[in-house]
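Here is the structure we will look at, set down as structure tokens.
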Amino acid sequence: MGRMIGIDLGTTNSLATYIDDNGEIQFVKNEYGNILIPSVVGIDENDDIIVGELAKERRMMNAGETASNFKRRMGTDAKIKVKNRTFDAQMLSSFVLKHLKENAEKQLNEKINRAIISVPAYFNDKQRRDTKMAAELAGLTVERLINEPTAAALSLGSNILNQNLKFIVLDLGGGTFDVTLLETFENIMDVISISGDTMLGGEDFTTKICEIFLKNIKLVITDLSRDERTKLYTKADRAKKLISLRDVEIELEIKGKNYKSEITQKDFREAVKPLLVKMKAAIDKALQDGNTDAREIEKVVLVGGAVKLGIIEEFTEKYFHKMRGEKIYFSSENFIENNKLVSIVANPDTVVAYGVGVAVGMKERNKMFKERILTDVCPFTLGTELVGNRFAPIIPRNTTVPTSKSEYFYTIDDYQDKVNVGIYQGESLNIDDNLFLGNFLIDVPRNIAGKEAINVRFTYDINGILEVEATVVSTGLKKSKLIVNGDLSEEEKNEKIKMLEEIKIQSENKNKDKLLLERANRIYAEIVNTEIRNHISDYLENYKMVVATGDRIRIQKAKESFSQFLDKIDPEINDMNIEDILKAQYQGNRYSFGYPACPNLEDQDKLF
């Protein structure tokens, strides 16, 4: 039996964790030493699959050759074209999972074939099944799917378990929003209710900035090419990180013409109001389902990368203080971190992955985690079909799992000899608006209407496995169906696995050599300033000349110097727009990055 890892399969970034020999949770690193792996898949010029940082860097210049945000399409039949191939979200996710698995195997020097994977709390059954199937295609057996906010709560450890309190976790990731109401007592963490929106996340706040920019320059999204849209989105995502501090400016070249527009905090606040309304509706629903008044909430925990937006913390503070009938002040002296009602965890990007690591420790019965007990709930109502296309709930949403519930149903036609047991998930009275999970037929004795009855029992466990059993009361005949695997047959699954095996995954060494060049190309593409572009071009040409010499020592020095230069001008890590960078680096009447641009190979020693 191979080793087990924990995986946070995210919309924007994914992470993996494991338990070391000391019983401590450690993060898996990629070939560049980073733990945050962009959930981006691409195909390079050699038709090799690339995953993570390299794919993300190529996205700016090769939008049609990369795919991202595909987690939002899990559970659908949507086809995603990447260069000359077509994938579904399940397969793209399998590339990311395989990449995380291989990183872990290299770091631990042992086989990895089992995992606990986090999913949005509000993922439906098909989305969860697609996640399991993606893992299977990547060579992983899923020991458990754990809800993301539940994992986040687990990561809080003794700070929460020892307090005996009722609290709520708001998890706003790149593509999904989850609300989980929990209670702790005597080292037991009890999930009371779950709510959320699988189509609400940080990506939507970025999109709002794109819309403001296009409105200001009097263009629409269809006026932009695919590459131009990607560039705009990248710049908007960067602006989003700064908008809480000040107004920001976006500059973009479209069809050879340069456009510049200011995005004000006022405009941003107005644009995101509909998103905040959706957040409020999800929170309202979780409190209502949990029969909990907001005044009972003792702590609000914010997790997920998008909660770093100042407007999210401000909204949450206003919501809960208003509901609690308390005044809200926005000065730091009024909120001491330990006593603060609303708090962002230390690292909202990694907290879910850490919590999945805790779940791994609990699953392995590691002595460091044995004292923790976790309960969870069924996120959606499960039921069957009644005459007239009506839905008959059997397990209500937010029922603590594992659970088993049954209901009696009667024949509706004279001399009816079969009953169709439909299995559905959802909250609508109209059966067609709910998610169809499966069905089966069971024989009943021929009799007049209403004289024959069947008992339909739904059993749902903590891993999201549903078993439906029907028993004919008069004969004792039983028939059941297990809803556990994806919709694929064994033949279809093997066909997918074979196709994945035939696809070339680029080697680690090639990735290392290409990342620097792709990063330079990406920065060049998004920066309009001619002077900086000339610096990048000079560095790029000189780096290529050094590489051509084959001298490993000189190449390593050139790589380090080139990387340091890019660090100085990369908006991705500087959190500044290009004008800020220019001001920060300007020296007298001469612009300098500390590394002069060298026009020829003879000057390389000065440069490196």
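Scheme for the structure tokens: letters A, B, ... for chains in order shown; per-chain residue numbers from 1; ligand numbers from 1 in order shown.
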
Fewer than 6 positions away in the same chain doesn't count, so skip those; otherwise give me all residues within 7 Å of stretch 179-193 of chain A, counting only C-alpha atoms, as a list of chain:residue names.
->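 What passes the distance filter is A:Pro149, A:Leu161, A:Asn162, A:Asn164, A:Leu165, A:Lys166, A:Phe167, A:Ile168, A:Val169, A:Leu170, A:Asp171, A:Ala282, A:Ile283, A:Ala286, A:Asp289, A:Gly290, A:Glu371, A:Arg372, A:Ile373, A:Leu374, A:Thr375, A:Asp376, A:Val377, A:Asn398.
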
Write a file of the selected residues as a compact mmCIF listing (two decimals), in the first residue's frame, keeping N, CA and C atoms.
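Wrote selection.txt, looks like this:
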# COMPACT_ATOMS: atom_id res chain seq x y z
N PRO A 149 -14.15 24.08 3.27
CA PRO A 149 -14.21 24.83 4.53
C PRO A 149 -14.08 23.94 5.76
N LEU A 161 -10.74 23.68 18.67
CA LEU A 161 -11.27 22.51 19.37
C LEU A 161 -11.39 22.70 20.87
N ASN A 162 -10.51 23.51 21.43
CA ASN A 162 -10.50 23.69 22.89
C ASN A 162 -11.48 24.75 23.38
N ASN A 164 -14.99 25.24 22.54
CA ASN A 164 -16.43 25.00 22.62
C ASN A 164 -17.22 26.21 22.13
N LEU A 165 -17.21 26.43 20.84
CA LEU A 165 -17.87 27.61 20.29
C LEU A 165 -18.57 27.30 18.99
N LYS A 166 -19.46 28.18 18.60
CA LYS A 166 -20.17 28.08 17.32
C LYS A 166 -19.54 29.12 16.39
N PHE A 167 -19.07 28.66 15.24
CA PHE A 167 -18.40 29.59 14.33
C PHE A 167 -18.76 29.26 12.88
N ILE A 168 -18.38 30.14 11.99
CA ILE A 168 -18.72 29.98 10.57
C ILE A 168 -17.46 30.21 9.74
N VAL A 169 -17.26 29.37 8.74
CA VAL A 169 -16.13 29.50 7.83
C VAL A 169 -16.65 29.96 6.47
N LEU A 170 -16.10 31.07 5.98
CA LEU A 170 -16.44 31.58 4.65
C LEU A 170 -15.22 31.35 3.78
N ASP A 171 -15.36 30.51 2.78
CA ASP A 171 -14.24 30.12 1.92
C ASP A 171 -14.49 30.66 0.51
N ALA A 282 -25.93 33.21 0.33
CA ALA A 282 -25.38 31.92 0.76
C ALA A 282 -25.21 31.86 2.27
N ILE A 283 -24.77 32.96 2.87
CA ILE A 283 -24.61 33.01 4.33
C ILE A 283 -25.98 32.91 5.01
N ALA A 286 -27.14 29.28 5.00
CA ALA A 286 -26.44 28.41 5.95
C ALA A 286 -26.95 28.63 7.37
N ASP A 289 -30.58 27.18 7.56
CA ASP A 289 -30.58 25.72 7.60
C ASP A 289 -30.07 25.19 8.94
N GLY A 290 -29.18 25.95 9.56
CA GLY A 290 -28.62 25.53 10.84
C GLY A 290 -29.41 26.01 12.02
N GLU A 371 -6.93 12.44 18.67
CA GLU A 371 -7.93 12.95 19.61
C GLU A 371 -9.01 13.77 18.91
N ARG A 372 -8.92 13.97 17.60
CA ARG A 372 -9.87 14.81 16.89
C ARG A 372 -10.99 13.98 16.28
N ILE A 373 -12.21 14.46 16.43
CA ILE A 373 -13.37 13.81 15.84
C ILE A 373 -14.09 14.82 14.96
N LEU A 374 -14.40 14.42 13.74
CA LEU A 374 -15.04 15.33 12.79
C LEU A 374 -16.32 14.73 12.27
N THR A 375 -17.40 15.50 12.32
CA THR A 375 -18.64 15.09 11.65
C THR A 375 -18.86 16.00 10.45
N ASP A 376 -19.60 15.51 9.46
CA ASP A 376 -19.88 16.32 8.27
C ASP A 376 -21.34 16.14 7.89
N VAL A 377 -21.77 16.86 6.87
CA VAL A 377 -23.17 16.81 6.45
C VAL A 377 -23.30 16.54 4.97
N ASN A 398 -27.95 19.00 4.59
CA ASN A 398 -27.36 19.31 5.90
C ASN A 398 -27.72 18.29 6.98

Would you list the contacts of stretch 17-28 of chain A as a VMD selection string, taking every protein, DNA or RNA residue within 6 Å and counting only C-alpha atoms, but skipping same-chain residues closer than 5 positions in sequence?
-> chain A and resid 5 to 6 35 104 357

Which residue gives the smallest distance to A:Arg246 among A:Leu36, A:Ile263, A:Ile49, A:Ile569, with only C-alpha atoms counted?
->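 Of all the options, A:Ile263 lies closest to A:Arg246.
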
Could you state the separation of atom CA of A:Gln127 and atom CA of A:Leu200 in Å, given to one decimal place?
->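 These atoms are spaced 15.7 Å apart.
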
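If you measure from each of A:Ile217, A:Ile37, A:Ile209, A:Ala525 to A:Gly10 using only C-alpha atoms, the closest one turns out to be A:Ile37.
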
Could you give me, as a ChimeraX atom specification, the residues within 12 Å of A:Lys266, counting only C-alpha atoms and dropping anything in the same chain fewer than 6 positions from it?
-> /A:209,212,243-248,272-273,311

Would you output that residue set with all heavy atoms, as a CSV table (one decimal), in the first residue's frame?
chain,number,residue,atom,x,y,z
A,209,ILE,N,-13.5,44.0,-12.9
A,209,ILE,CA,-12.5,45.0,-13.3
A,209,ILE,C,-12.3,45.0,-14.8
A,209,ILE,O,-12.1,46.1,-15.3
A,209,ILE,CB,-11.1,44.7,-12.5
A,209,ILE,CG1,-11.3,44.9,-11.0
A,209,ILE,CG2,-10.0,45.6,-13.1
A,209,ILE,CD1,-10.1,44.6,-10.2
A,212,ILE,N,-15.2,47.0,-16.1
A,212,ILE,CA,-15.0,48.5,-15.9
A,212,ILE,C,-14.0,49.1,-16.9
A,212,ILE,O,-14.3,50.1,-17.5
A,212,ILE,CB,-14.5,48.8,-14.5
A,212,ILE,CG1,-15.5,48.3,-13.4
A,212,ILE,CG2,-14.2,50.2,-14.3
A,212,ILE,CD1,-15.0,48.3,-12.0
A,243,ILE,N,-6.6,47.2,-5.5
A,243,ILE,CA,-7.8,48.1,-5.4
A,243,ILE,C,-8.2,48.4,-4.0
A,243,ILE,O,-8.9,49.4,-3.8
A,243,ILE,CB,-8.9,47.5,-6.3
A,243,ILE,CG1,-10.0,48.5,-6.6
A,243,ILE,CG2,-9.5,46.3,-5.6
A,243,ILE,CD1,-9.6,49.5,-7.7
A,244,SER,N,-7.9,47.5,-3.1
A,244,SER,CA,-8.3,47.8,-1.7
A,244,SER,C,-7.5,48.9,-1.1
A,244,SER,O,-7.9,49.6,-0.1
A,244,SER,CB,-8.1,46.5,-0.8
A,244,SER,OG,-8.9,45.5,-1.3
A,245,LEU,N,-6.3,49.2,-1.7
A,245,LEU,CA,-5.4,50.2,-1.1
A,245,LEU,C,-5.6,51.6,-1.8
A,245,LEU,O,-5.5,52.6,-1.2
A,245,LEU,CB,-3.9,49.8,-1.3
A,245,LEU,CG,-3.6,48.4,-0.7
A,245,LEU,CD1,-2.2,48.0,-1.0
A,245,LEU,CD2,-3.8,48.5,0.8
A,246,ARG,N,-5.9,51.6,-3.1
A,246,ARG,CA,-6.0,52.8,-3.9
A,246,ARG,C,-6.6,52.6,-5.2
A,246,ARG,O,-6.8,51.4,-5.6
A,246,ARG,CB,-4.5,53.4,-4.1
A,246,ARG,CG,-3.6,52.4,-4.7
A,246,ARG,CD,-2.2,53.1,-5.0
A,246,ARG,NE,-1.2,52.1,-5.4
A,246,ARG,CZ,-1.1,51.6,-6.6
A,246,ARG,NH1,-2.0,51.9,-7.5
A,246,ARG,NH2,-0.1,50.7,-6.9
A,247,ASP,N,-6.9,53.7,-6.0
A,247,ASP,CA,-7.3,53.5,-7.4
A,247,ASP,C,-6.1,52.9,-8.2
A,247,ASP,O,-5.0,53.2,-7.8
A,247,ASP,CB,-7.7,54.9,-7.9
A,247,ASP,CG,-8.9,55.5,-7.2
A,247,ASP,OD1,-9.6,54.8,-6.5
A,247,ASP,OD2,-9.1,56.7,-7.3
A,248,VAL,N,-6.4,52.2,-9.2
A,248,VAL,CA,-5.4,51.6,-10.0
A,248,VAL,C,-5.6,52.0,-11.5
A,248,VAL,O,-6.6,52.4,-11.9
A,248,VAL,CB,-5.4,50.1,-9.9
A,248,VAL,CG1,-5.1,49.6,-8.5
A,248,VAL,CG2,-6.8,49.5,-10.3
A,272,VAL,N,-19.1,45.3,-7.9
A,272,VAL,CA,-19.1,44.0,-7.2
A,272,VAL,C,-20.3,43.9,-6.3
A,272,VAL,O,-20.4,42.8,-5.7
A,272,VAL,CB,-17.8,43.8,-6.5
A,272,VAL,CG1,-16.6,43.9,-7.4
A,272,VAL,CG2,-17.6,44.8,-5.3
A,273,LYS,N,-21.2,44.8,-6.2
A,273,LYS,CA,-22.4,44.7,-5.3
A,273,LYS,C,-23.2,43.4,-5.6
A,273,LYS,O,-23.6,42.8,-4.7
A,273,LYS,CB,-23.3,46.0,-5.5
A,273,LYS,CG,-22.8,47.1,-4.6
A,273,LYS,CD,-23.8,48.3,-4.8
A,273,LYS,CE,-23.3,49.5,-3.9
A,273,LYS,NZ,-24.2,50.6,-4.0
A,311,ILE,N,-12.5,44.5,0.5
A,311,ILE,CA,-13.9,44.6,0.5
A,311,ILE,C,-14.6,43.4,1.1
A,311,ILE,O,-15.7,43.5,1.6
A,311,ILE,CB,-14.4,44.9,-0.9
A,311,ILE,CG1,-15.8,45.5,-0.9
A,311,ILE,CG2,-14.3,43.7,-1.8
A,311,ILE,CD1,-16.3,46.1,-2.2

Choose the residue, out of A:Met133, A:Asn455, A:Phe87, A:Gly64, that has the smallest atom-to-atom separation from A:Ser225; count only C-alpha atoms.
->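 Residue with the minimum atom-to-atom distance to A:Ser225: A:Gly64.
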
In Å, how far is it from atom CA of A:Asn542 to atom CA of A:Arg522?
->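 Calculated distance between atom CA of A:Asn542 and atom CA of A:Arg522 is 17.8 Å.
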
So which residues touch A:Leu172 within 7 Å, counting only C-alpha atoms, skipping near sequence neighbours fewer than 3 positions away, as a PyMOL selection string?
-> chain A and resi 176-178+201-202+303-307

Prev. selection, C-alpha atoms, output as a PDB file, in the first residue's frame:
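Final output, out_16.pdb:
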ATOM      1  CA  THR A 176     -16.202  28.906  -5.699  1.00  0.00           C
ATOM      2  CA  PHE A 177     -17.730  30.260  -2.484  1.00  0.00           C
ATOM      3  CA  ASP A 178     -18.531  27.974   0.440  1.00  0.00           C
ATOM      4  CA  GLY A 201     -15.193  33.330  -6.611  1.00  0.00           C
ATOM      5  CA  GLY A 202     -12.226  35.626  -6.959  1.00  0.00           C
ATOM      6  CA  VAL A 303     -10.196  31.494   4.036  1.00  0.00           C
ATOM      7  CA  GLY A 304      -9.362  31.263   0.337  1.00  0.00           C
ATOM      8  CA  GLY A 305      -7.131  33.530  -1.723  1.00  0.00           C
ATOM      9  CA  ALA A 306      -9.911  35.951  -2.638  1.00  0.00           C
ATOM     10  CA  VAL A 307     -10.632  36.945   0.985  1.00  0.00           C
TER      11      VAL A 307
END

Pick out the residues sitting within 9 Å of A:Lys208, and hand them over as an MDAnalysis selection string; count only C-alpha atoms, and ignore anything fewer than 5 positions along from it in its own chain.
-> chainID A and resid 203 213 236 268 271:272

Dump as a short mmCIF file (atom, residue, chain, number, x, y, z; two decimals), in the first residue's frame, selection limited to N, CA and C atoms:
data_model
loop_
_atom_site.label_atom_id
_atom_site.label_comp_id
_atom_site.auth_asym_id
_atom_site.auth_seq_id
_atom_site.Cartn_x
_atom_site.Cartn_y
_atom_site.Cartn_z
N GLU A 203 -12.34 34.93 -9.29
CA GLU A 203 -12.32 35.17 -10.73
C GLU A 203 -13.40 36.16 -11.15
N PHE A 213 -12.91 48.41 -17.12
CA PHE A 213 -11.91 48.90 -18.07
C PHE A 213 -12.50 49.02 -19.46
N ALA A 236 -6.00 42.80 -14.93
CA ALA A 236 -7.11 43.05 -14.01
C ALA A 236 -6.93 42.28 -12.71
N PHE A 268 -15.25 50.12 -8.55
CA PHE A 268 -15.11 48.71 -8.21
C PHE A 268 -16.17 48.28 -7.19
N ALA A 271 -19.46 47.94 -8.88
CA ALA A 271 -19.53 46.81 -9.81
C ALA A 271 -19.68 45.47 -9.11
N VAL A 272 -19.10 45.35 -7.91
CA VAL A 272 -19.11 44.03 -7.23
C VAL A 272 -20.31 43.86 -6.29
#

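The environment of A:Leu386 within 12 Å, counting only C-alpha atoms and disregarding residues fewer than 5 places along the same chain, consists of A:Phe391, A:Ala392, A:Pro393, A:Ile394, A:Tyr408, A:Phe409, A:Tyr410, A:Thr411, A:Ile412, A:Val419, A:Asn420, A:Val421, A:Gly422, A:Ile423, A:Tyr424, A:Leu429, A:Asn430, A:Ile431, A:Asp432.
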
Please return as a PyMOL selection string: the residues of stretch 329-571 of chain A that backbone DSSP assigns to alpha helix (DSSP H).
-> chain A and resi 351-363+490-502+508-526+530-549+552-569+571

Between A:Val300, A:Pro38, A:Val142, A:Lys83, smallest distance to A:Lys363 by only C-alpha atoms belongs to A:Val142

Find the residues near A:Ala520: any atom within 10 Å, counting only C-alpha atoms, skip ones fewer than 5 places away on the same chain, and give them as number ranges by chain.
-> A: 57, 515, 525, 533, 536-537, 539-540, 562-563, 565-566, 570

Find, counting only C-alpha atoms, the residue in A:Ile555, A:Val342, A:Ala449, A:Leu302 that gets nearest to A:His321.
->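 Going through A:Ile555, A:Val342, A:Ala449, A:Leu302 one by one, the smallest distance to A:His321 is for A:Val342.
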
Residue list (strand (DSSP E), DSSP) for stretch 282-430 of chain A, as a CSV table (one decimal) with N, CA and C atoms, in the first residue's frame:
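The new file states22.csv reads:
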chain,number,residue,atom,x,y,z
A,299,LYS,N,-17.4,33.5,16.1
A,299,LYS,CA,-16.2,33.8,15.3
A,299,LYS,C,-16.5,33.5,13.8
A,300,VAL,N,-16.0,34.4,13.0
A,300,VAL,CA,-16.1,34.2,11.5
A,300,VAL,C,-14.7,34.0,11.0
A,301,VAL,N,-14.4,32.9,10.3
A,301,VAL,CA,-13.1,32.6,9.8
A,301,VAL,C,-13.1,32.8,8.3
A,302,LEU,N,-12.3,33.6,7.7
A,302,LEU,CA,-12.2,33.8,6.3
A,302,LEU,C,-11.0,33.1,5.7
A,303,VAL,N,-11.3,32.2,4.7
A,303,VAL,CA,-10.2,31.5,4.0
A,303,VAL,C,-10.4,31.6,2.5
A,342,VAL,N,-14.3,38.8,13.2
A,342,VAL,CA,-14.0,38.4,11.8
A,342,VAL,C,-12.5,38.4,11.7
A,343,SER,N,-11.9,37.3,11.2
A,343,SER,CA,-10.5,37.2,11.1
A,343,SER,C,-10.1,36.4,9.8
A,344,ILE,N,-9.1,36.8,9.2
A,344,ILE,CA,-8.5,36.1,8.1
A,344,ILE,C,-7.4,35.2,8.6
A,373,ILE,N,-12.2,14.5,16.4
A,373,ILE,CA,-13.4,13.8,15.8
A,373,ILE,C,-14.1,14.8,15.0
A,374,LEU,N,-14.4,14.4,13.7
A,374,LEU,CA,-15.0,15.3,12.8
A,374,LEU,C,-16.3,14.7,12.3
A,375,THR,N,-17.4,15.5,12.3
A,375,THR,CA,-18.6,15.1,11.7
A,375,THR,C,-18.9,16.0,10.4
A,376,ASP,N,-19.6,15.5,9.5
A,376,ASP,CA,-19.9,16.3,8.3
A,376,ASP,C,-21.3,16.1,7.9
A,377,VAL,N,-21.8,16.9,6.9
A,377,VAL,CA,-23.2,16.8,6.5
A,377,VAL,C,-23.3,16.5,5.0
A,382,LEU,N,-31.3,14.6,-1.1
A,382,LEU,CA,-31.4,13.4,-1.9
A,382,LEU,C,-32.8,12.8,-1.8
A,383,GLY,N,-33.3,12.3,-3.0
A,383,GLY,CA,-34.6,11.8,-3.0
A,383,GLY,C,-35.0,11.1,-4.2
A,384,THR,N,-36.3,10.8,-4.4
A,384,THR,CA,-36.7,10.0,-5.6
A,384,THR,C,-37.9,10.7,-6.3
A,385,GLU,N,-38.4,10.1,-7.3
A,385,GLU,CA,-39.4,10.8,-8.1
A,385,GLU,C,-40.8,10.3,-7.8
A,386,LEU,N,-41.8,11.2,-7.8
A,386,LEU,CA,-43.2,10.9,-7.6
A,386,LEU,C,-43.9,11.2,-8.9
A,390,ARG,N,-42.7,15.2,-9.7
A,390,ARG,CA,-42.4,15.8,-8.4
A,390,ARG,C,-41.3,15.1,-7.7
A,391,PHE,N,-40.6,15.9,-6.9
A,391,PHE,CA,-39.5,15.4,-6.1
A,391,PHE,C,-39.9,15.0,-4.7
A,392,ALA,N,-39.5,13.8,-4.3
A,392,ALA,CA,-39.8,13.4,-2.9
A,392,ALA,C,-38.5,13.3,-2.1
A,393,PRO,N,-38.2,14.2,-1.3
A,393,PRO,CA,-37.0,14.2,-0.5
A,393,PRO,C,-37.0,13.0,0.5
A,394,ILE,N,-35.8,12.4,0.6
A,394,ILE,CA,-35.6,11.3,1.6
A,394,ILE,C,-34.5,11.7,2.6
A,395,ILE,N,-33.4,12.2,2.1
A,395,ILE,CA,-32.4,12.7,3.0
A,395,ILE,C,-32.3,14.2,2.8
A,400,THR,N,-26.6,15.2,9.1
A,400,THR,CA,-25.3,14.7,9.5
A,400,THR,C,-25.0,13.3,8.9
A,401,VAL,N,-23.8,13.1,8.4
A,401,VAL,CA,-23.5,11.8,7.8
A,401,VAL,C,-22.4,11.1,8.6
A,403,THR,N,-25.6,8.6,7.3
A,403,THR,CA,-27.0,8.6,7.7
A,403,THR,C,-27.8,7.6,6.8
A,404,SER,N,-28.9,7.1,7.3
A,404,SER,CA,-29.7,6.2,6.5
A,404,SER,C,-31.2,6.5,6.8
A,405,LYS,N,-32.0,6.8,5.8
A,405,LYS,CA,-33.4,7.2,6.0
A,405,LYS,C,-34.2,6.5,4.9
A,406,SER,N,-35.5,6.2,5.2
A,406,SER,CA,-36.3,5.6,4.3
A,406,SER,C,-37.7,6.1,4.3
A,407,GLU,N,-38.5,5.9,3.2
A,407,GLU,CA,-39.8,6.3,3.0
A,407,GLU,C,-40.6,5.2,2.3
A,408,TYR,N,-41.9,5.1,2.5
A,408,TYR,CA,-42.8,4.2,1.9
A,408,TYR,C,-43.5,4.8,0.7
A,409,PHE,N,-43.6,4.1,-0.5
A,409,PHE,CA,-44.2,4.6,-1.7
A,409,PHE,C,-45.2,3.5,-2.2
A,410,TYR,N,-46.2,3.9,-2.8
A,410,TYR,CA,-47.3,2.9,-3.2
A,410,TYR,C,-47.5,3.0,-4.7
A,418,LYS,N,-44.2,-3.2,-12.1
A,418,LYS,CA,-42.9,-2.7,-11.9
A,418,LYS,C,-42.9,-1.3,-11.3
A,419,VAL,N,-41.9,-1.0,-10.6
A,419,VAL,CA,-41.8,0.4,-10.0
A,419,VAL,C,-40.4,0.9,-10.4
A,420,ASN,N,-40.3,2.1,-11.0
A,420,ASN,CA,-39.1,2.7,-11.3
A,420,ASN,C,-38.6,3.6,-10.1
A,421,VAL,N,-37.5,3.3,-9.6
A,421,VAL,CA,-36.9,4.0,-8.5
A,421,VAL,C,-35.9,5.0,-9.0
A,422,GLY,N,-36.3,6.3,-9.2
A,422,GLY,CA,-35.3,7.3,-9.7
A,422,GLY,C,-34.6,7.9,-8.5
A,423,ILE,N,-33.3,8.2,-8.8
A,423,ILE,CA,-32.5,8.8,-7.7
A,423,ILE,C,-32.0,10.2,-8.1
A,424,TYR,N,-32.4,11.2,-7.3
A,424,TYR,CA,-32.1,12.6,-7.7
A,424,TYR,C,-31.5,13.3,-6.5
A,425,GLN,N,-30.8,14.4,-6.9
A,425,GLN,CA,-30.2,15.3,-5.9
A,425,GLN,C,-30.6,16.8,-6.2

Atom CA of A:Asp237 to atom CA of A:Val220, straight-line distance in Å =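 Calculated distance between atom CA of A:Val220 and atom CA of A:Asp237 is 18.1 Å.
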